[in-house]
$ cat structure-v3.tsv   # TSV, C-alpha atoms
chain	number	residue	atom	x	y	z
A	8	MET	CA	151.83	158.68	178.16
A	9	ASP	CA	152.06	159.37	181.83
A	10	LEU	CA	148.89	158.39	183.63
A	11	ARG	CA	149.93	159.82	186.94
A	12	GLY	CA	148.31	163.12	186.16
A	13	PHE	CA	144.95	161.53	185.56
A	14	VAL	CA	144.80	159.37	188.60
A	15	HIS	CA	145.63	161.86	191.30
A	16	GLN	CA	146.87	165.30	191.72
A	17	GLU	CA	149.87	165.82	193.81
A	18	LEU	CA	149.45	167.92	196.94
A	19	PRO	CA	150.07	171.58	196.45
A	20	PRO	CA	153.59	172.48	197.53
A	21	GLU	CA	152.47	174.80	200.39
A	22	ILE	CA	151.01	171.89	202.33
A	23	VAL	CA	153.89	169.61	201.74
A	24	GLU	CA	156.40	172.24	202.78
A	25	SER	CA	154.57	173.50	205.90
A	26	ASN	CA	155.13	171.09	208.74
A	27	VAL	CA	151.58	171.11	210.14
A	28	GLU	CA	150.24	167.87	211.62
A	29	GLY	CA	147.67	165.90	209.64
A	30	GLY	CA	144.82	166.31	212.15
A	31	LYS	CA	145.26	170.01	212.57
A	32	PHE	CA	145.44	170.49	208.86
A	33	MET	CA	142.17	168.66	208.39
A	34	ASN	CA	140.43	170.90	210.96
A	35	GLN	CA	141.58	173.98	209.17
A	36	PHE	CA	140.64	172.58	205.84
A	37	MET	CA	137.10	171.73	206.95
A	38	LYS	CA	136.51	175.13	208.47
A	39	THR	CA	137.43	176.87	205.31
A	40	HIS	CA	135.75	174.61	202.80
A	41	ILE	CA	132.54	173.19	204.33
A	42	PRO	CA	129.60	175.38	205.41
A	43	HIS	CA	129.82	175.37	209.18
A	44	LYS	CA	126.19	174.45	209.81
A	45	ASP	CA	126.85	171.04	208.39
A	46	ILE	CA	129.50	170.28	210.91
A	47	THR	CA	128.59	169.43	214.49
A	48	ARG	CA	131.34	168.96	216.95
A	49	ASP	CA	131.08	165.90	219.09
A	50	GLY	CA	134.08	165.74	221.35
A	51	SER	CA	137.06	165.59	219.15
A	52	ASN	CA	135.39	163.84	216.28
A	53	PHE	CA	133.58	165.51	213.46
A	54	ARG	CA	130.12	164.43	212.59
A	55	PHE	CA	128.61	165.03	209.27
A	56	LEU	CA	125.01	165.76	208.56
A	57	LEU	CA	124.42	162.55	206.79
A	58	HIS	CA	125.56	160.61	209.83
A	59	LYS	CA	122.18	160.67	211.52
A	60	PHE	CA	120.43	159.29	208.49
A	61	ARG	CA	122.53	156.22	208.52
A	62	THR	CA	120.42	153.14	209.29
A	63	ALA	CA	121.25	150.88	212.15
A	64	LYS	CA	123.14	147.71	211.41
A	65	LYS	CA	120.85	144.89	210.41
A	66	ILE	CA	120.71	142.21	213.04
A	67	LYS	CA	120.83	138.75	211.57
A	68	ARG	CA	117.89	136.79	212.81
A	69	LYS	CA	118.34	133.19	213.72
A	70	GLY	CA	115.49	131.57	211.87
A	71	VAL	CA	113.84	128.30	212.70
A	72	LYS	CA	115.50	125.46	210.88
A	73	LYS	CA	113.50	124.41	207.86
A	74	THR	CA	113.26	120.66	207.75
A	75	PHE	CA	110.49	119.67	205.39
A	76	LEU	CA	111.03	119.76	201.66
A	77	THR	CA	108.84	121.87	199.46
A	78	ARG	CA	107.03	120.31	196.55
A	79	LYS	CA	109.46	121.82	194.09
A	80	GLU	CA	112.42	120.32	195.90
A	81	ARG	CA	110.73	116.96	195.98
A	82	ARG	CA	110.15	117.14	192.26
A	83	GLU	CA	113.81	117.93	191.69
A	84	LEU	CA	114.80	114.92	193.78
A	85	GLU	CA	112.41	112.84	191.64
A	86	MET	CA	110.30	111.66	194.53
A	87	LEU	CA	106.88	112.49	193.18
A	88	LYS	CA	106.71	110.41	190.05
A	89	LEU	CA	107.45	106.76	189.63
A	90	PRO	CA	110.02	106.00	186.94
A	91	LYS	CA	108.62	104.14	183.98
A	92	ALA	CA	111.43	101.68	183.41
A	93	GLY	CA	113.11	99.16	185.64
A	94	TRP	CA	110.14	97.40	187.19
A	95	ASN	CA	110.08	93.72	187.89
A	96	TYR	CA	106.77	91.95	188.26
A	97	ASN	CA	108.20	88.89	190.00
A	98	SER	CA	109.96	90.88	192.71
A	99	LEU	CA	106.61	92.31	193.77
A	100	GLN	CA	105.40	88.86	194.81
A	101	SER	CA	106.22	89.58	198.47
A	102	ILE	CA	103.94	92.60	198.46
A	103	ARG	CA	101.09	90.65	196.99
A	104	ASN	CA	101.38	88.07	199.76
A	105	MET	CA	101.53	90.78	202.41
A	106	TRP	CA	98.48	92.49	200.99
A	107	ARG	CA	96.47	89.27	201.07
A	108	GLU	CA	97.41	88.76	204.71
A	109	TYR	CA	96.58	92.35	205.61
A	110	MET	CA	93.24	92.26	203.86
A	111	THR	CA	92.12	89.03	205.51
A	112	GLN	CA	92.97	90.50	208.90
A	113	ASN	CA	91.33	93.78	208.12
A	114	LEU	CA	88.05	92.22	207.07
A	115	ASP	CA	88.05	89.75	210.01
A	116	LEU	CA	88.24	86.71	207.81
A	117	CYS	CA	90.95	84.96	209.84
A	118	ASP	CA	88.48	82.52	211.33
A	119	THR	CA	86.82	80.43	208.70
A	120	THR	CA	83.77	80.29	210.95
A	121	ASN	CA	83.05	83.98	210.36
A	122	LYS	CA	80.42	84.33	207.73
A	123	ILE	CA	80.81	86.65	204.84
A	124	PRO	CA	77.85	89.02	204.97
A	125	LYS	CA	75.50	89.27	202.05
A	126	CYS	CA	73.79	92.33	200.61
A	127	THR	CA	70.69	91.81	202.69
A	128	ASP	CA	72.46	91.37	206.05
A	129	SER	CA	72.73	94.11	208.65
A	130	GLU	CA	76.52	93.77	208.79
A	131	TRP	CA	76.84	94.56	205.14
A	132	THR	CA	77.30	98.32	205.59
A	133	ALA	CA	80.05	97.92	208.20
A	134	PHE	CA	81.79	95.40	205.99
A	135	SER	CA	81.70	97.63	202.95
A	136	THR	CA	82.92	100.75	204.81
A	137	ILE	CA	85.93	98.81	206.09
A	138	LEU	CA	86.58	97.73	202.54
A	139	ALA	CA	86.34	101.29	201.26
A	140	LYS	CA	88.76	102.57	203.91
A	141	SER	CA	91.39	99.90	203.42
A	142	GLU	CA	94.57	100.19	201.45
A	143	LEU	CA	94.71	98.91	197.89
A	144	VAL	CA	98.47	99.11	197.27
A	145	GLY	CA	99.75	95.62	196.55
A	146	ALA	CA	96.50	94.23	195.22
A	147	GLU	CA	96.25	92.27	192.02
A	148	LEU	CA	93.90	94.35	189.93
A	149	GLU	CA	92.11	93.75	186.70
A	150	VAL	CA	90.52	96.43	184.59
A	151	VAL	CA	87.10	95.09	183.73
A	152	ARG	CA	85.47	97.99	182.01
A	153	SER	CA	86.84	101.22	180.69
A	154	LYS	CA	86.11	103.96	178.23
A	155	THR	CA	89.51	103.46	176.65
A	156	PRO	CA	89.28	100.03	175.01
A	157	SER	CA	93.01	99.32	175.10
A	158	LEU	CA	93.00	99.23	178.92
A	159	VAL	CA	90.30	96.58	179.23
A	160	GLY	CA	91.60	93.24	180.41
A	161	MET	CA	94.82	94.59	181.88
A	162	ILE	CA	96.09	92.68	184.90
A	163	GLY	CA	98.81	93.80	187.28
A	164	THR	CA	99.76	94.74	190.83
A	165	LEU	CA	98.84	98.17	192.07
A	166	VAL	CA	101.92	100.21	192.95
A	167	LEU	CA	100.67	103.73	193.50
A	168	GLU	CA	97.34	105.37	194.09
A	169	THR	CA	96.80	109.06	193.42
A	170	LYS	CA	93.67	111.15	193.35
A	171	MET	CA	92.86	110.55	189.73
A	172	THR	CA	94.82	107.47	188.74
A	173	LEU	CA	95.89	103.99	189.67
A	174	GLN	CA	99.35	102.93	188.57
A	175	ILE	CA	99.80	99.31	187.74
A	176	VAL	CA	102.79	97.10	186.97
A	177	THR	CA	101.79	94.50	184.40
A	178	LYS	CA	103.31	91.12	183.73
A	179	ASP	CA	105.46	92.57	180.93
A	180	ASN	CA	107.26	94.65	183.60
A	181	LYS	CA	105.68	97.87	182.40
A	182	LEU	CA	104.15	100.68	184.41
A	183	LYS	CA	100.67	101.58	183.21
A	184	ILE	CA	98.68	104.55	184.42
A	185	VAL	CA	94.94	103.93	184.48
A	186	PRO	CA	92.52	106.81	185.11
A	187	LYS	CA	89.98	106.06	187.82
A	188	GLU	CA	87.14	108.08	186.49
A	189	CYS	CA	86.14	106.01	183.53
A	190	SER	CA	87.02	102.48	184.53
A	191	VAL	CA	85.91	99.62	186.75
A	192	PHE	CA	88.36	97.40	188.62
A	193	GLU	CA	88.21	93.93	190.02
A	194	PHE	CA	90.32	92.09	192.55
A	195	ARG	CA	90.18	88.71	194.16
A	196	LEU	CA	90.71	87.67	197.75
A	197	ASN	CA	90.72	83.95	198.50
A	198	ASN	CA	87.38	82.87	197.04
A	199	MET	CA	85.77	86.29	196.81
A	200	LYS	CA	85.62	88.76	194.00
A	201	PHE	CA	85.29	92.50	194.58
A	202	THR	CA	84.41	95.10	192.02
A	203	VAL	CA	85.48	98.68	192.59
A	204	PHE	CA	84.01	101.54	190.63
A	205	GLY	CA	86.82	103.97	190.02
A	206	LYS	CA	84.56	106.98	190.19
A	207	GLN	CA	83.57	106.17	193.77
A	208	ILE	CA	87.12	106.33	195.11
A	209	MET	CA	88.15	109.60	193.53
A	210	THR	CA	89.78	111.11	196.63
A	211	LYS	CA	93.30	111.49	197.87
A	212	PRO	CA	94.35	108.16	199.37
A	213	SER	CA	95.35	109.84	202.63
A	214	GLU	CA	91.93	111.41	203.05
A	215	ARG	CA	90.01	108.29	202.33
A	216	SER	CA	90.41	106.70	205.75
A	217	ALA	CA	89.02	109.79	207.49
A	218	LYS	CA	86.19	110.46	205.08
A	219	LYS	CA	82.56	109.60	205.66
A	220	ILE	CA	81.34	107.06	203.22
A	221	LYS	CA	77.82	106.91	201.92
A	222	GLY	CA	76.05	103.60	202.17
A	223	GLN	CA	74.21	103.95	198.95
A	224	MET	CA	75.72	104.23	195.57
A	225	TYR	CA	74.09	106.00	192.69
A	226	PRO	CA	75.10	104.39	189.45
A	227	ASP	CA	75.57	106.66	186.50
A	228	LEU	CA	76.08	106.03	182.90
B	26	MET	CA	80.83	88.76	228.96
B	27	SER	CA	81.96	87.04	225.83
B	28	LYS	CA	81.25	89.97	223.55
B	29	VAL	CA	84.26	91.09	221.58
B	30	LYS	CA	85.18	94.71	222.08
B	31	LYS	CA	85.75	96.68	218.91
B	32	CYS	CA	88.81	98.81	218.55
B	33	VAL	CA	88.18	102.43	217.61
B	34	GLY	CA	90.02	103.48	214.48
B	35	LYS	CA	91.24	100.01	213.72
B	36	GLU	CA	91.30	100.52	209.95
B	37	GLY	CA	93.62	103.48	210.22
B	38	PHE	CA	96.06	101.68	212.48
B	39	GLN	CA	96.14	98.64	210.29
B	40	ARG	CA	96.58	100.69	207.16
B	41	VAL	CA	99.54	102.54	208.68
B	42	ASN	CA	101.02	99.28	209.90
B	43	TYR	CA	100.70	97.65	206.50
B	44	LEU	CA	102.17	100.64	204.66
B	45	TYR	CA	105.17	100.71	207.00
B	46	GLN	CA	105.84	97.05	206.34
B	47	VAL	CA	105.56	97.48	202.59
B	48	SER	CA	107.87	100.47	202.52
B	49	ASN	CA	110.38	98.46	204.58
B	50	GLU	CA	110.10	95.65	202.09
B	51	LEU	CA	110.75	97.81	199.05
B	52	ALA	CA	113.34	100.19	200.46
B	53	THR	CA	116.40	98.20	199.50
B	54	GLU	CA	115.27	96.86	196.16
B	55	SER	CA	115.69	98.44	192.74
B	56	ILE	CA	115.48	102.20	192.10
B	57	PRO	CA	111.78	102.44	191.13
B	58	CYS	CA	110.85	100.36	194.18
B	59	ASN	CA	112.85	102.77	196.31
B	60	VAL	CA	110.85	105.73	195.01
B	61	ALA	CA	107.64	103.83	195.72
B	62	SER	CA	108.74	103.15	199.28
B	63	THR	CA	109.27	106.86	199.97
B	64	LEU	CA	105.79	107.53	198.59
B	65	TYR	CA	104.31	104.93	200.92
B	66	SER	CA	106.01	106.31	203.99
B	67	ASN	CA	104.85	109.77	202.97
B	68	LEU	CA	101.30	108.46	202.68
B	69	LEU	CA	101.66	106.82	206.09
B	70	VAL	CA	102.49	110.11	207.77
B	71	ASN	CA	99.66	111.86	205.96
B	72	ILE	CA	97.12	109.26	207.04
B	73	SER	CA	98.18	109.49	210.68
B	74	LYS	CA	97.83	113.26	210.48
B	75	LYS	CA	94.42	113.07	208.88
B	76	THR	CA	92.97	110.50	211.25
B	77	VAL	CA	94.79	112.00	214.30
B	78	GLN	CA	96.47	108.77	215.28
B	79	ARG	CA	99.96	109.18	216.65
B	80	ILE	CA	102.81	107.07	215.41
B	81	ASP	CA	104.91	105.39	218.08
B	82	ILE	CA	108.41	106.74	218.69
B	83	PRO	CA	110.55	103.83	217.38
B	84	ILE	CA	108.64	103.92	214.09
B	85	LYS	CA	108.58	107.70	213.85
B	86	ARG	CA	112.34	107.87	214.27
B	87	THR	CA	112.93	105.77	211.18
B	88	ILE	CA	111.17	108.22	208.87
B	89	CYS	CA	113.12	111.20	207.56
B	90	LYS	CA	111.83	114.62	208.57
B	91	GLY	CA	112.65	116.17	205.21
B	92	CYS	CA	111.89	113.80	202.39
B	93	ARG	CA	109.93	111.29	204.51
B	94	SER	CA	111.83	108.35	203.16
B	95	LEU	CA	112.67	105.38	205.31
B	96	LEU	CA	115.91	105.64	207.28
B	97	LEU	CA	117.91	102.42	207.43
B	98	ALA	CA	121.17	102.86	209.30
B	99	GLY	CA	124.08	102.57	206.89
B	100	VAL	CA	121.90	102.20	203.79
B	101	THR	CA	119.82	105.34	203.39
B	102	CYS	CA	121.33	107.34	206.23
B	103	THR	CA	124.60	107.76	208.10
B	104	VAL	CA	124.74	107.47	211.87
B	105	ARG	CA	127.33	109.30	213.92
B	106	ILE	CA	127.61	109.98	217.62
B	107	LYS	CA	128.78	113.43	218.61
B	108	LYS	CA	128.54	115.04	222.05
B	109	LYS	CA	126.39	112.20	223.40
B	110	ARG	CA	123.90	112.65	220.61
B	111	ALA	CA	123.17	110.25	217.77
B	112	ILE	CA	122.93	112.09	214.48
B	113	TRP	CA	121.00	110.41	211.68
B	114	LYS	CA	121.67	112.13	208.39
B	115	CYS	CA	119.56	111.27	205.36
B	116	VAL	CA	121.57	110.54	202.24
B	117	LYS	CA	119.00	111.98	199.84
B	118	CYS	CA	118.11	115.33	201.37
B	119	ASN	CA	120.86	115.88	204.01
B	120	VAL	CA	118.40	116.57	206.81
B	121	GLU	CA	119.60	115.58	210.25
B	122	LYS	CA	117.78	114.00	213.14
B	123	ARG	CA	119.33	114.21	216.57
B	124	PHE	CA	118.55	111.90	219.44
B	125	ASP	CA	119.82	111.70	222.96
B	126	ALA	CA	122.25	108.77	223.01
B	127	ARG	CA	122.81	108.54	226.74
B	128	ARG	CA	121.94	105.19	228.18
B	129	GLU	CA	119.80	106.50	231.01
B	130	HIS	CA	117.64	108.59	228.68
B	131	VAL	CA	114.32	106.91	227.93
B	132	PRO	CA	111.52	108.62	226.00
B	133	TRP	CA	108.31	109.06	227.94
B	134	THR	CA	106.22	106.59	225.96
B	135	GLN	CA	108.86	103.89	226.46
B	136	ASN	CA	108.78	104.56	230.18
B	137	LYS	CA	106.83	102.10	232.31
B	138	ASP	CA	105.21	104.91	234.30
B	139	SER	CA	103.39	106.18	231.25
B	140	VAL	CA	101.21	103.09	230.99
B	141	VAL	CA	97.79	103.77	232.45
B	142	GLU	CA	95.68	101.08	230.93
B	143	ILE	CA	96.18	98.14	228.65
B	144	LEU	CA	93.40	97.28	226.25
B	145	ASP	CA	93.41	93.88	224.64
B	146	TYR	CA	91.32	93.40	221.53
B	147	ASN	CA	92.38	89.88	220.84
B	148	PRO	CA	89.19	87.77	221.21
B	149	ASN	CA	91.11	84.71	222.43
B	150	THR	CA	92.75	86.37	225.43
B	151	GLN	CA	90.07	88.91	226.19
B	152	SER	CA	88.09	86.85	228.67
B	153	GLN	CA	91.08	86.59	231.01
B	154	LEU	CA	92.05	90.20	230.93
B	155	THR	CA	88.72	91.90	231.48
B	156	GLU	CA	88.99	91.73	235.27
B	157	ASN	CA	92.51	92.94	235.85
B	158	VAL	CA	92.68	96.01	233.69
B	159	SER	CA	95.77	97.55	235.12
B	160	LYS	CA	95.65	101.06	236.42
B	161	ILE	CA	99.23	101.83	237.13
B	162	ASN	CA	100.42	105.02	238.64
B	163	ILE	CA	97.59	107.29	237.72
B	164	GLU	CA	98.10	109.24	240.90
B	165	ASP	CA	101.84	109.51	240.42
B	166	ARG	CA	101.37	110.88	236.95
B	167	ASN	CA	98.91	113.50	238.12
B	168	ASN	CA	101.33	114.65	240.79
B	169	LYS	CA	104.07	115.07	238.24
B	170	ASP	CA	101.88	117.17	236.02
B	171	VAL	CA	101.05	119.52	238.85
B	172	SER	CA	104.64	120.01	239.93
$ encode --input "structure-v3.tsv" --output "structure tokens"
Amino acid sequence: MDLRGFVHQELPPEIVESNVEGGKFMNQFMKTHIPHKDITRDGSNFRFLLHKFRTAKKIKRKGVKKTFLTRKERRELEMLKLPKAGWNYNSLQSIRNMWREYMTQNLDLCDTTNKIPKCTDSEWTAFSTILAKSELVGAELEVVRSKTPSLVGMIGTLVLETKMTLQIVTKDNKLKIVPKECSVFEFRLNNMKFTVFGKQIMTKPSERSAKKIKGQMYPDL
Amino acid sequence: MSKVKKCVGKEGFQRVNYLYQVSNELATESIPCNVASTLYSNLLVNISKKTVQRIDIPIKRTICKGCRSLLLAGVTCTVRIKKKRAIWKCVKCNVEKRFDARREHVPWTQNKDSVVEILDYNPNTQSQLTENVSKINIEDRNNKDVS
């Protein structure tokens, strides 16, 4: 089957035989076939009606370079969650030492002459606010009390603090996630023992150092 | 006067300092430690934003703009020099940082003229320094700002 007939029709023989130029032929053709209101003459070029409705070319805007990553992108790069496997308790020894050093400096315990304030002293409030604002990452924590009985007695170094949880690497090289709300923690510094109620530090760790801290604590059951 | 001056916002500074050291410590260890170190440096930037304490330039330049992980030249980022500019490209997120690499270029905070006053909070050396608190070039700086 010959497809040539379908695809295009050949020019009628009158046009092919007459030796009129292409441009002139088009002019004649338009005059005869298109209603003459639709054609406006602009110099030598024809302009169609639809021409004026054509939108202007879109100008590409040079946007500001985006540098920060969105939360979704961070999640895809696996930067938000700590992996569960592959921890080593012994390799975290350096952090524990650094934390001890940092904490002694932070609480002004470098000189042994400095007294540790007691509950009744006037310096007690200043001491406890410093403690509440300091960083806990790297501390050796122990879960003293908790609503979930399997978490009680767990010992390990703190690796990450989030709003609701503390994440701990235990001596069996496992990452454990402990909820703050229903547990009480303990850590030791030199010859002192601190107890931290998880419910009292339920804020984002970045906001904690700017937050006002109440002197009194209301215990609840 | 033997009274020890107290530094304003000392806890914040020390917290940032400690976090930076820890994230440096863990950056080159195993994979989970690496993730933790990026989280610490992220926390560091957030704290300094929250407490409105600026980070000094040499420290700020070693934290990636995109993923906020620590940049160690040759380990977590590549360093190239093109057109008198040092380009630090993070391996993880491919975000670039560009610095002027010309020798005569010194950032303003590294410049000696920017120092107006030096405060010393160390109780051992404080007694000596109380008298000669240096006031360098305050007038010069004001003139520059006007012009």
$ closest_residue --input "structure-v3.tsv" --among "A:Thr127, A:Ser153, A:Thr77, A:Asn97" --to "chain B" --atoms "only C-alpha atoms"
A:Thr77
$ interface_residues --input "structure-v3.tsv" --of "chain A" --to "chain B" --cutoff "9 Å" --atoms "all atoms listed in the file" --output "number ranges by chain"
A: 73-77, 81, 84-95, 98-99, 101-102, 105-106, 109, 112-113, 137, 140-142, 144-145, 166-167, 212-217
$ atom_distance --input "structure-v3.tsv" --atom1 "atom CA of Ala63 of chain A" --atom2 "atom CA of Ile41 of chain A"
26.2 Å
$ atom_distance --input "structure-v3.tsv" --atom1 "atom CA of Asp145 of chain B" --atom2 "atom CA of Arg107 of chain A"
24.2 Å
$ atom_distance --input "structure-v3.tsv" --atom1 "atom CA of Ala133 of chain A" --atom2 "atom CA of Glu108 of chain A"
19.9 Å
$ closest_residue --input "structure-v3.tsv" --among "B:Val104, B:Lys109, B:Cys32, B:Leu144" --to "Glu129 of chain B" --atoms "all atoms listed in the file"
B:Lys109
